[in-house]
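For reference, entry_24.cif (mmCIF, C-alpha atoms):
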```cif
data_data
#
loop_
_atom_site.label_atom_id
_atom_site.label_comp_id
_atom_site.auth_asym_id
_atom_site.auth_seq_id
_atom_site.Cartn_x
_atom_site.Cartn_y
_atom_site.Cartn_z
CA MET A 1 -15.81 5.78 13.18
CA GLU A 2 -12.22 6.79 13.08
CA SER A 3 -10.71 10.17 12.31
CA LYS A 4 -8.62 10.26 9.18
CA LYS A 5 -4.96 10.99 9.80
CA THR A 6 -3.37 13.10 7.10
CA LEU A 7 0.28 13.94 6.71
CA PHE A 8 0.18 17.40 5.17
CA VAL A 9 3.46 18.36 3.50
CA ASN A 10 3.84 21.96 2.37
CA LEU A 11 6.60 21.85 -0.23
CA SER A 12 6.69 25.64 -0.61
CA GLN A 13 7.46 26.17 3.06
CA LYS A 14 9.23 22.85 3.66
CA THR A 15 6.99 22.06 6.59
CA ALA A 16 4.95 19.01 7.52
CA GLU A 17 2.20 18.38 10.02
CA ILE A 18 -0.24 15.67 11.02
CA GLN A 19 -3.88 16.61 10.76
CA LEU A 20 -6.56 14.55 12.47
CA LEU A 21 -9.80 15.12 10.66
CA PRO A 22 -12.79 13.39 12.34
CA GLU A 23 -15.20 14.98 9.88
CA LEU A 24 -13.61 12.93 7.09
CA ALA A 25 -14.47 9.55 8.67
CA PRO A 26 -17.44 8.94 6.31
CA PHE A 27 -15.07 9.17 3.32
CA VAL A 28 -13.60 5.76 4.30
CA GLY A 29 -10.36 6.03 2.30
CA GLY A 30 -8.82 5.75 -1.15
CA VAL A 31 -10.47 7.70 -3.93
CA THR A 32 -13.37 9.09 -1.89
CA LEU A 33 -11.03 10.42 0.78
CA GLY A 34 -8.59 11.59 -1.89
CA VAL A 35 -11.06 13.81 -3.74
CA LYS A 36 -12.29 15.26 -0.45
CA LEU A 37 -8.75 16.16 0.58
CA TYR A 38 -8.17 17.65 -2.86
CA ALA A 39 -11.32 19.75 -2.36
CA LEU A 40 -10.08 20.95 1.04
CA TYR A 41 -6.64 21.91 -0.23
CA LYS A 42 -7.33 22.73 -3.87
CA ASP A 43 -5.62 26.14 -3.62
CA PHE A 44 -2.34 24.26 -3.18
CA ASP A 45 -2.93 22.09 -6.28
CA PRO A 46 -2.01 19.07 -4.17
CA VAL A 47 -1.04 15.56 -5.09
CA VAL A 48 -3.00 13.38 -2.67
CA ALA A 49 -1.99 9.79 -1.94
CA CYS A 50 -4.47 7.70 0.06
CA VAL A 51 -4.72 4.23 1.44
CA GLY A 52 -7.88 2.52 2.57
CA PRO A 53 -9.03 0.49 5.56
CA LEU A 54 -8.14 -2.90 4.05
CA ASN A 55 -4.57 -2.16 2.96
CA GLY A 56 -2.02 -4.10 4.96
CA TYR A 57 -4.60 -6.58 6.23
CA PHE A 58 -6.46 -8.40 3.49
CA PRO A 59 -5.24 -10.06 0.29
CA LEU A 60 -5.64 -8.20 -3.01
CA ALA A 61 -6.06 -4.88 -1.16
CA SER A 62 -2.73 -3.64 -2.34
CA LYS A 63 -3.18 -0.35 -4.16
CA THR A 64 -2.41 3.25 -3.26
CA CYS A 65 -4.75 5.85 -4.75
CA PHE A 66 -3.31 9.11 -6.10
CA VAL A 67 -5.69 11.99 -6.80
CA VAL A 68 -4.55 14.91 -8.97
CA GLN A 69 -6.06 17.52 -11.19
CA ASN A 70 -4.92 17.28 -14.78
CA ASP A 71 -5.89 20.05 -17.21
CA GLY A 72 -8.93 20.85 -15.08
CA VAL A 73 -10.08 17.23 -14.75
CA MET A 74 -9.86 15.23 -11.52
CA GLU A 75 -8.02 11.98 -12.07
CA ASP A 76 -7.58 8.97 -9.80
CA LEU A 77 -4.55 6.79 -10.40
CA TYR A 78 -3.58 3.57 -8.64
CA ILE A 79 -0.15 2.16 -8.08
CA GLY A 80 0.66 -1.25 -6.69
CA GLY A 81 3.91 -2.41 -5.17
CA GLY A 82 4.43 -2.06 -1.44
CA LEU A 83 3.56 1.61 -0.94
CA SER A 84 0.08 1.02 0.50
CA PHE A 85 1.49 -1.23 3.26
CA ARG A 86 4.18 1.33 4.12
CA LEU A 87 1.74 4.25 4.29
CA LYS A 88 -0.68 2.18 6.34
CA PHE A 89 2.00 1.12 8.82
CA ALA A 90 3.40 4.63 8.93
CA GLY A 91 0.07 5.23 10.63
CA ILE A 92 -1.38 7.60 8.06
CA ASP A 93 -4.45 7.45 5.85
CA ALA A 94 -3.32 10.11 3.41
CA LEU A 95 -0.30 12.04 2.29
CA VAL A 96 -1.00 15.49 0.90
CA LEU A 97 1.81 17.02 -1.13
CA ALA A 98 0.90 20.69 -1.33
CA GLY A 99 2.50 23.65 -3.09
CA SER A 100 5.81 23.62 -4.95
CA SER A 101 9.35 23.57 -3.74
CA SER A 102 11.78 26.30 -4.79
CA ASP A 103 14.48 23.73 -5.49
CA ASP A 104 14.61 20.02 -6.32
CA THR A 105 13.51 18.13 -3.23
CA VAL A 106 13.40 14.57 -1.92
CA LEU A 107 11.19 13.60 1.02
CA ASP A 108 12.28 11.01 3.55
CA ILE A 109 9.19 10.01 5.51
CA THR A 110 9.39 7.70 8.51
CA ASN A 111 5.99 7.25 10.09
CA THR A 112 4.89 10.86 10.58
CA GLN A 113 8.36 12.45 10.52
CA VAL A 114 9.39 14.17 7.29
CA LYS A 115 12.89 15.21 6.25
CA PHE A 116 13.34 17.55 3.30
CA LEU A 117 16.46 16.54 1.40
CA ASP A 118 18.19 17.96 -1.67
CA MET A 119 18.73 16.67 -5.19
CA HIS A 120 22.01 14.96 -4.27
CA THR A 121 20.23 12.47 -2.01
CA ASP A 122 21.05 8.83 -2.59
CA PHE A 123 17.65 7.14 -2.64
CA ASP A 124 19.20 3.81 -1.68
CA SER A 125 20.26 5.32 1.63
CA LEU A 126 16.71 6.26 2.67
CA GLY A 127 14.37 4.35 4.96
CA LEU A 128 14.56 0.97 6.67
CA PRO A 129 15.03 -2.29 4.76
CA GLY A 130 11.85 -4.30 4.40
CA LYS A 131 9.76 -1.43 5.72
CA LYS A 132 10.29 1.18 3.03
CA SER A 133 8.90 2.02 -0.38
CA ILE A 134 10.58 4.51 -2.68
CA LEU A 135 8.84 6.48 -5.41
CA GLN A 136 11.45 8.12 -7.59
CA MET A 137 11.62 10.16 -10.81
CA GLU A 138 13.85 8.32 -13.21
CA LYS A 139 14.36 9.38 -16.82
CA GLY A 140 11.10 11.34 -16.75
CA SER A 141 9.02 8.53 -15.26
CA LEU A 142 7.97 7.81 -11.71
CA LEU A 143 9.01 4.36 -10.57
CA LEU A 144 8.03 2.74 -7.31
CA ASP A 145 10.63 0.37 -5.88
CA GLY A 146 12.37 0.20 -9.24
CA TYR A 147 9.46 -1.45 -11.03
CA PHE A 148 5.91 -0.19 -10.53
CA GLY A 149 4.71 2.92 -12.33
CA PHE A 150 1.89 4.90 -13.89
CA ASP A 151 0.95 4.75 -17.53
CA SER A 152 -0.43 8.25 -18.00
CA GLY A 153 2.42 10.66 -17.27
CA MET A 154 0.02 12.85 -15.24
CA LEU A 155 1.69 12.35 -11.90
CA GLU A 156 5.13 12.88 -13.42
CA LYS A 157 3.95 16.29 -14.68
CA LYS A 158 2.87 17.23 -11.16
CA PHE A 159 6.11 16.06 -9.56
CA VAL A 160 8.12 18.10 -12.07
CA ALA A 161 6.00 21.20 -11.36
CA LYS A 162 6.47 20.70 -7.62
CA LYS A 163 10.21 20.08 -8.02
CA LEU A 164 9.73 16.84 -6.17
CA LEU A 165 12.22 14.18 -7.22
CA GLY A 166 10.57 11.48 -5.13
CA PHE A 167 9.96 10.21 -1.66
CA SER A 168 10.67 7.31 0.63
CA VAL A 169 8.03 6.07 3.07
CA THR A 170 8.96 3.83 5.99
CA GLY A 171 6.25 2.37 8.20
CA THR A 172 7.20 0.80 11.51
CA LYS A 173 3.86 0.62 13.32
CA LYS A 174 2.64 -2.72 14.54
CA VAL A 175 -1.07 -3.26 15.16
CA PRO A 176 -2.51 -6.10 17.27
CA ILE A 177 -5.26 -8.10 15.60
CA LEU A 178 -7.95 -8.32 18.23
CA GLU A 179 -10.28 -10.72 16.44
CA SER A 180 -7.54 -12.98 15.20
CA ALA A 181 -9.56 -16.14 14.50
CA LYS A 182 -12.24 -14.23 12.61
CA TYR A 183 -9.58 -12.31 10.68
CA GLN A 184 -7.74 -15.46 9.63
CA THR A 185 -10.96 -17.12 8.49
CA LEU A 186 -11.93 -14.11 6.37
CA PHE A 187 -8.41 -13.79 4.97
CA THR A 188 -8.46 -17.44 3.88
CA GLU A 189 -11.95 -17.12 2.40
CA ILE A 190 -10.94 -14.13 0.30
CA LEU A 191 -7.76 -15.81 -0.86
CA GLY A 192 -9.88 -18.80 -1.83
CA GLN A 193 -11.80 -16.58 -4.26
CA LYS A 194 -8.79 -15.61 -6.32
CA GLU A 195 -10.28 -17.26 -9.40
CA LEU A 196 -12.70 -14.30 -9.41
CA VAL A 197 -9.82 -11.89 -10.04
CA LYS A 198 -9.75 -10.67 -13.62
CA VAL A 199 -6.05 -11.36 -14.12
CA GLY A 200 -4.23 -14.66 -14.09
CA ALA A 201 -1.30 -15.69 -11.93
CA ASN A 202 2.15 -15.07 -13.32
CA ASN A 203 5.73 -14.52 -12.15
CA TYR A 204 6.03 -10.74 -12.35
CA PRO A 205 6.88 -8.59 -9.31
CA SER A 206 3.68 -8.48 -7.31
CA CYS A 207 1.95 -5.93 -5.14
CA SER A 208 2.11 -6.46 -1.37
CA GLY A 209 -0.66 -8.77 -0.29
CA CYS A 210 -1.32 -10.16 -3.76
CA PRO A 211 -0.02 -13.64 -4.58
CA LEU A 212 -0.80 -13.40 -8.30
CA GLY A 213 2.28 -11.65 -9.74
CA CYS A 214 0.24 -10.49 -12.74
CA ASP A 215 1.52 -8.65 -15.80
CA LYS A 216 -0.75 -5.64 -15.09
CA SER A 217 0.84 -4.61 -11.80
CA LYS A 218 3.63 -2.66 -13.49
CA ILE A 219 1.41 0.09 -14.92
CA GLY A 220 -1.25 0.47 -12.23
CA GLU A 221 -4.82 1.53 -12.93
CA MET A 222 -6.93 4.62 -13.67
CA GLY A 223 -10.53 5.12 -12.53
CA GLY A 224 -12.90 2.28 -11.66
CA ASN A 225 -15.30 1.11 -8.97
CA ILE A 226 -15.68 3.70 -6.20
CA LEU A 227 -16.24 1.25 -3.34
CA VAL A 228 -13.35 -1.01 -4.38
CA HIS A 229 -11.07 1.99 -4.80
CA SER A 230 -12.12 3.52 -1.50
CA LEU A 231 -10.97 0.41 0.31
CA VAL A 232 -8.21 0.45 -1.62
CA ALA A 233 -8.40 -2.93 -3.30
CA CYS A 234 -7.08 -3.84 -6.71
CA GLY A 235 -9.53 -3.06 -9.51
CA TYR A 236 -8.96 -6.53 -10.92
CA ALA A 237 -10.35 -7.92 -7.64
CA GLU A 238 -13.60 -6.00 -8.14
CA ASN A 239 -15.67 -9.20 -8.18
CA ILE A 240 -14.57 -9.85 -4.61
CA TYR A 241 -14.48 -6.40 -3.09
CA SER A 242 -17.66 -5.04 -4.66
CA ASN A 243 -19.54 -7.60 -2.59
CA LEU A 244 -20.89 -5.51 0.29
CA GLY A 245 -21.20 -8.54 2.56
CA THR A 246 -17.51 -9.34 2.19
CA VAL A 247 -16.49 -5.72 2.63
CA PHE A 248 -18.67 -5.24 5.68
CA ALA A 249 -17.26 -8.40 7.27
CA CYS A 250 -13.68 -7.21 6.65
CA LEU A 251 -14.35 -3.76 8.08
CA ASP A 252 -16.21 -5.15 11.06
CA CYS A 253 -13.36 -7.54 11.80
CA LEU A 254 -10.95 -4.58 11.88
CA GLU A 255 -13.38 -2.74 14.15
CA TYR A 256 -14.40 -0.06 11.68
CA LYS A 257 -17.92 0.97 12.52
CA TYR A 258 -19.19 1.73 9.03
CA THR A 259 -22.74 0.77 8.20
CA HIS A 260 -24.00 -0.80 4.98
CA GLU A 261 -25.77 2.48 4.22
CA GLN A 262 -22.54 4.45 4.51
CA LEU A 263 -20.75 2.09 2.17
CA GLU A 264 -23.60 2.21 -0.32
CA ALA A 265 -23.53 6.00 -0.18
CA LEU A 266 -19.85 6.26 -1.20
CA PRO A 267 -20.46 6.79 -4.95
CA ASP A 268 -22.86 9.67 -4.15
CA LEU A 269 -20.39 11.16 -1.68
CA PHE A 270 -17.70 10.96 -4.35
CA THR A 271 -19.90 12.66 -6.97
CA LYS A 272 -20.97 15.37 -4.51
CA THR A 273 -17.33 16.10 -3.66
CA LEU A 274 -16.37 16.33 -7.33
CA LYS A 275 -19.10 18.96 -7.72
CA GLU A 276 -17.63 20.92 -4.79
CA ILE A 277 -14.30 21.03 -6.61
CA SER A 278 -15.75 22.22 -9.90
CA MET B 279 14.44 -33.56 14.81
CA THR B 280 13.81 -29.79 14.65
CA LYS B 281 12.28 -28.41 11.50
CA ILE B 282 13.63 -25.21 10.00
CA LEU B 283 12.50 -22.90 7.23
CA LYS B 284 14.85 -23.00 4.30
CA ILE B 285 14.93 -20.61 1.36
CA ILE B 286 15.14 -22.90 -1.65
CA ASN B 287 14.13 -20.59 -4.51
CA GLN B 288 14.97 -16.99 -3.65
CA ASP B 289 15.15 -16.12 -7.37
CA LYS B 290 11.47 -16.98 -7.68
CA CYS B 291 10.36 -14.44 -5.06
CA ILE B 292 7.94 -11.87 -6.56
CA GLY B 293 7.86 -9.60 -3.51
CA CYS B 294 4.19 -10.19 -2.67
CA GLU B 295 4.88 -10.37 1.08
CA MET B 296 2.27 -13.09 1.58
CA CYS B 297 4.88 -14.77 3.80
CA VAL B 298 5.13 -11.61 5.88
CA LEU B 299 1.36 -11.49 6.25
CA GLU B 300 1.32 -15.17 7.27
CA CYS B 301 4.02 -14.67 9.92
CA GLN B 302 2.24 -11.63 11.31
CA GLN B 303 -1.11 -13.46 11.32
CA GLN B 304 0.43 -16.21 13.41
CA LEU B 305 1.76 -13.55 15.79
CA LYS B 306 -1.75 -12.02 15.89
CA THR B 307 -0.49 -8.74 14.61
CA ALA B 308 -0.37 -6.62 11.45
CA GLY B 309 2.51 -4.55 10.14
CA LEU B 310 6.03 -4.95 8.88
CA GLU B 311 7.73 -4.34 12.20
CA GLY B 312 8.75 -7.47 14.06
CA SER B 313 7.98 -9.83 11.19
CA TYR B 314 10.20 -12.90 11.15
CA ILE B 315 10.47 -12.61 7.37
CA ARG B 316 11.39 -9.42 5.52
CA ILE B 317 11.42 -8.87 1.78
CA LEU B 318 14.14 -6.47 0.69
CA ARG B 319 13.63 -4.64 -2.57
CA ASN B 320 16.27 -3.67 -5.07
CA LEU B 321 15.87 -0.12 -6.39
CA SER B 322 18.13 -0.60 -9.39
CA ASP B 323 16.36 -3.79 -10.46
CA GLY B 324 12.82 -3.96 -9.16
CA THR B 325 12.40 -7.53 -10.37
CA LYS B 326 14.87 -8.89 -7.80
CA PHE B 327 14.14 -9.48 -4.12
CA VAL B 328 16.13 -10.65 -1.16
CA VAL B 329 14.33 -12.76 1.43
CA SER B 330 15.60 -12.27 4.96
CA VAL B 331 14.53 -14.82 7.59
CA ASP B 332 14.91 -14.44 11.34
CA PRO B 333 15.62 -17.83 13.01
CA LYS B 334 12.76 -17.04 15.37
CA VAL B 335 10.46 -18.02 12.49
CA GLU B 336 10.81 -21.58 13.80
CA GLU B 337 8.43 -20.61 16.61
CA LEU B 338 5.71 -20.46 13.96
CA ASN B 339 3.76 -23.07 12.03
CA LEU B 340 6.23 -23.46 9.17
CA LYS B 341 3.88 -25.50 7.00
CA LYS B 342 1.57 -22.49 6.83
CA VAL B 343 4.45 -20.16 5.99
CA VAL B 344 5.59 -22.47 3.18
CA LYS B 345 2.02 -22.71 1.87
CA ALA B 346 1.52 -18.93 1.94
CA CYS B 347 4.19 -18.37 -0.70
CA PRO B 348 2.77 -18.68 -4.23
CA GLN B 349 6.22 -19.22 -5.72
CA GLU B 350 7.51 -22.05 -3.51
CA VAL B 351 10.40 -19.96 -2.25
CA PHE B 352 10.49 -21.85 1.07
CA ALA B 353 10.64 -25.42 2.24
CA GLU B 354 10.30 -26.88 5.70
CA VAL B 355 13.30 -29.15 6.22
CA GLU B 356 14.88 -31.06 9.07
CA ASP B 357 17.73 -29.26 10.79
CA ASN B 358 20.77 -31.40 10.22
CA GLY B 359 22.95 -29.00 12.16
CA VAL B 360 25.05 -27.95 9.16
#
```
Mind turning this structure into structure tokens?
Amino acid sequence: MESKKTLFVNLSQKTAEIQLLPELAPFVGGVTLGVKLYALYKDFDPVVACVGPLNGYFPLASKTCFVVQNDGVMEDLYIGGGLSFRLKFAGIDALVLAGSSSDDTVLDITNTQVKFLDMHTDFDSLGLPGKKSILQMEKGSLLLDGYFGFDSGMLEKKFVAKKLLGFSVTGTKKVPILESAKYQTLFTEILGQKELVKVGANNYPSCSGCPLGCDKSKIGEMGGNILVHSLVACGYAENIYSNLGTVFACLDCLEYKYTHEQLEALPDLFTKTLKEIS
Amino acid sequence: MTKILKIINQDKCIGCEMCVLECQQQLKTAGLEGSYIRILRNLSDGTKFVVSVDPKVEELNLKKVVKACPQEVFAEVEDNGV
């Protein structure tokens, strides 16, 4: 199994470092990895953003999971748009935003490099076209790429407390697909199951890797299926990505060495980690 | 006659990047780097997208690229040299 690569950003000290954490491999990604990272860094009251093994590769696996503590309760929030692809191809599994800045700050992240910029930063000037996603506080709300957001206001509260005005993520990594024929077959099979998705096709701005353009993408999701949200697939595609056979085939094709037992154990791992936090 | 990929309905693009995934699949790779199609987002109006196509896309199976788009943004047309 692979180590998890975390970009740890200390807003208080304006420092950033990559942490390779092999012991976190069983946490797979998304919400399970997010709560574990929260547990590890809880003294910093972090905002943790995680992607999963399927982001950037398979259709309908288009969400980024945010884990925060809100009034003593752990919450998992999911945003669509293109952020999951950018984080994935920045080469990181998780972004940990720890501590609080002393002044209003903007982060410009390109792969694993982080620049700390001030409140006068022009967000439009950040990142590389086609390879960037920008999450920005605007009129009290967080907006991703000018459209996608969160419905709860929880993450906004955290960003305000951290004096974080937003961030840009640019991902420029390119990964060869070793089992190309198998990958394409699986990709097509999954796309062929889109009638199982709980939302209908529409013409709204869509999340990367989702052809549906549904009306739900704008406000993201909260909570849901642990396996699906560890991957991190869209909750509305639960009927596809809660099928362990499909998931195992996808992971195997990407050369992840997880076993069925490990995938089945994710809900317990999640619950155990929540207990560690409380 | 050579076939080219033409953007016929840019206004219909929903930013799903299925075209990017298709191009990368044909190149046996994953990622946004080196894709022959890029989707540029507009921060001030997140409902608008600009589709940028590298002429090298003609090395690919264009029928598959056209089919990958759920909004019929592209068409495969004959290059009339104009």
Inset, instruction - Mind checking which residues fall within 10 Å of Val328 (chain B), counting only C-alpha atoms, ignoring those fewer than 2 positions away in the same chain, and posting them as a ChimeraX atom specification? - result: /A:130 /B:288-289,291-293,316-320,326,330-331
Which residues, protein or nucleic acid, reach to within 10 Å of (2.9, 17.7, 3.9) in the file's coordinates when using only C-alpha atoms, and can you give that as a PDB file with C-alpha atoms, in the frame of the given file?
```
ATOM      1  CA  THR A   6      -3.370  13.100   7.100  1.00  0.00           C
ATOM      2  CA  LEU A   7       0.280  13.940   6.710  1.00  0.00           C
ATOM      3  CA  PHE A   8       0.180  17.400   5.170  1.00  0.00           C
ATOM      4  CA  VAL A   9       3.460  18.360   3.500  1.00  0.00           C
ATOM      5  CA  ASN A  10       3.840  21.960   2.370  1.00  0.00           C
ATOM      6  CA  LEU A  11       6.600  21.850  -0.230  1.00  0.00           C
ATOM      7  CA  SER A  12       6.690  25.640  -0.610  1.00  0.00           C
ATOM      8  CA  GLN A  13       7.460  26.170   3.060  1.00  0.00           C
ATOM      9  CA  LYS A  14       9.230  22.850   3.660  1.00  0.00           C
ATOM     10  CA  THR A  15       6.990  22.060   6.590  1.00  0.00           C
ATOM     11  CA  ALA A  16       4.950  19.010   7.520  1.00  0.00           C
ATOM     12  CA  GLU A  17       2.200  18.380  10.020  1.00  0.00           C
ATOM     13  CA  ILE A  18      -0.240  15.670  11.020  1.00  0.00           C
ATOM     14  CA  GLN A  19      -3.880  16.610  10.760  1.00  0.00           C
ATOM     15  CA  PRO A  46      -2.010  19.070  -4.170  1.00  0.00           C
ATOM     16  CA  VAL A  48      -3.000  13.380  -2.670  1.00  0.00           C
ATOM     17  CA  ALA A  94      -3.320  10.110   3.410  1.00  0.00           C
ATOM     18  CA  LEU A  95      -0.300  12.040   2.290  1.00  0.00           C
ATOM     19  CA  VAL A  96      -1.000  15.490   0.900  1.00  0.00           C
ATOM     20  CA  LEU A  97       1.810  17.020  -1.130  1.00  0.00           C
ATOM     21  CA  ALA A  98       0.900  20.690  -1.330  1.00  0.00           C
ATOM     22  CA  GLY A  99       2.500  23.650  -3.090  1.00  0.00           C
ATOM     23  CA  LEU A 107      11.190  13.600   1.020  1.00  0.00           C
ATOM     24  CA  THR A 112       4.890  10.860  10.580  1.00  0.00           C
ATOM     25  CA  VAL A 114       9.390  14.170   7.290  1.00  0.00           C
TER      26      VAL A 114
END
```
Could you tell me which residues the PyMOL selection byres ((chain B) within 10 of (chain A)) returns for this structure, as a compact mmCIF listing (two decimals) with C-alpha atoms, in the coordinates of the input?
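Produced file part-v8.txt, reproduced below:
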```txt
# COMPACT_ATOMS: atom_id res chain seq x y z
CA LYS B 290 11.47 -16.98 -7.68
CA CYS B 291 10.36 -14.44 -5.06
CA ILE B 292 7.94 -11.87 -6.56
CA GLY B 293 7.86 -9.60 -3.51
CA CYS B 294 4.19 -10.19 -2.67
CA GLU B 295 4.88 -10.37 1.08
CA MET B 296 2.27 -13.09 1.58
CA CYS B 297 4.88 -14.77 3.80
CA VAL B 298 5.13 -11.61 5.88
CA LEU B 299 1.36 -11.49 6.25
CA GLU B 300 1.32 -15.17 7.27
CA GLN B 302 2.24 -11.63 11.31
CA GLN B 303 -1.11 -13.46 11.32
CA GLN B 304 0.43 -16.21 13.41
CA LEU B 305 1.76 -13.55 15.79
CA LYS B 306 -1.75 -12.02 15.89
CA THR B 307 -0.49 -8.74 14.61
CA ALA B 308 -0.37 -6.62 11.45
CA GLY B 309 2.51 -4.55 10.14
CA LEU B 310 6.03 -4.95 8.88
CA GLU B 311 7.73 -4.34 12.20
CA GLY B 312 8.75 -7.47 14.06
CA SER B 313 7.98 -9.83 11.19
CA ILE B 315 10.47 -12.61 7.37
CA ARG B 316 11.39 -9.42 5.52
CA ILE B 317 11.42 -8.87 1.78
CA LEU B 318 14.14 -6.47 0.69
CA ARG B 319 13.63 -4.64 -2.57
CA ASN B 320 16.27 -3.67 -5.07
CA LEU B 321 15.87 -0.12 -6.39
CA SER B 322 18.13 -0.60 -9.39
CA ASP B 323 16.36 -3.79 -10.46
CA GLY B 324 12.82 -3.96 -9.16
CA THR B 325 12.40 -7.53 -10.37
CA LYS B 326 14.87 -8.89 -7.80
CA PHE B 327 14.14 -9.48 -4.12
CA VAL B 328 16.13 -10.65 -1.16
CA VAL B 329 14.33 -12.76 1.43
CA SER B 330 15.60 -12.27 4.96
CA ALA B 346 1.52 -18.93 1.94
CA CYS B 347 4.19 -18.37 -0.70
CA PRO B 348 2.77 -18.68 -4.23
CA GLN B 349 6.22 -19.22 -5.72
```
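Using only C-alpha atoms, the smallest distance between any of B:Asn358, B:Asn339, B:Val351, B:Pro333 and Ile285 (chain B) comes from B:Val351.
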Legend entry - Non-local contacts of Asp151 (chain A) (12 Å; all atoms listed in the file; under 3 positions in same chain excluded) as a PyMOL selection string: chain A and resi 77-79+141-143+148+154-156+216-222
Inset, instruction - Name all residues at most 12 Å from Leu283 (chain B) (count only C-alpha atoms; drop same-chain ones fewer than 6 positions away) and give them as a ChimeraX atom specification. - result: /B:297,314-315,329-345,350-357
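For the structure shown here, the set of residues caught by the PyMOL selection byres ((chain A and resi 243-260) around 8) is A:Met1, A:Glu2, A:Pro26, A:Pro53, A:Leu54, A:Phe58, A:Ile177, A:Leu178, A:Glu179, A:Lys182, A:Tyr183, A:Leu186, A:Asn239, A:Ile240, A:Tyr241, A:Ser242, A:Glu261, A:Gln262, A:Leu263, A:Glu264.
Minimum atom-to-atom distances from A:Ala237, A:Ile109, A:Leu20, A:Val51 to Asp93 (chain A) were compared using all atoms listed in the file, and the lowest value belongs to A:Val51.
Relative to CA of Gly34 (chain A), CA of Val67 (chain A) is found at 5.7 Å.
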Inset, instruction - Please write as an NGL selection string the full residue list that the PyMOL selection byres ((chain A and resi 227) around 9) yields on this file. - result: :A and (30-32 or 225-226 or 228-233 or 241-242 or 244 or 263-264 or 266-267)
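Note that CA of Gly52 (chain A) and CA of Thr188 (chain A) are 20.0 Å apart.
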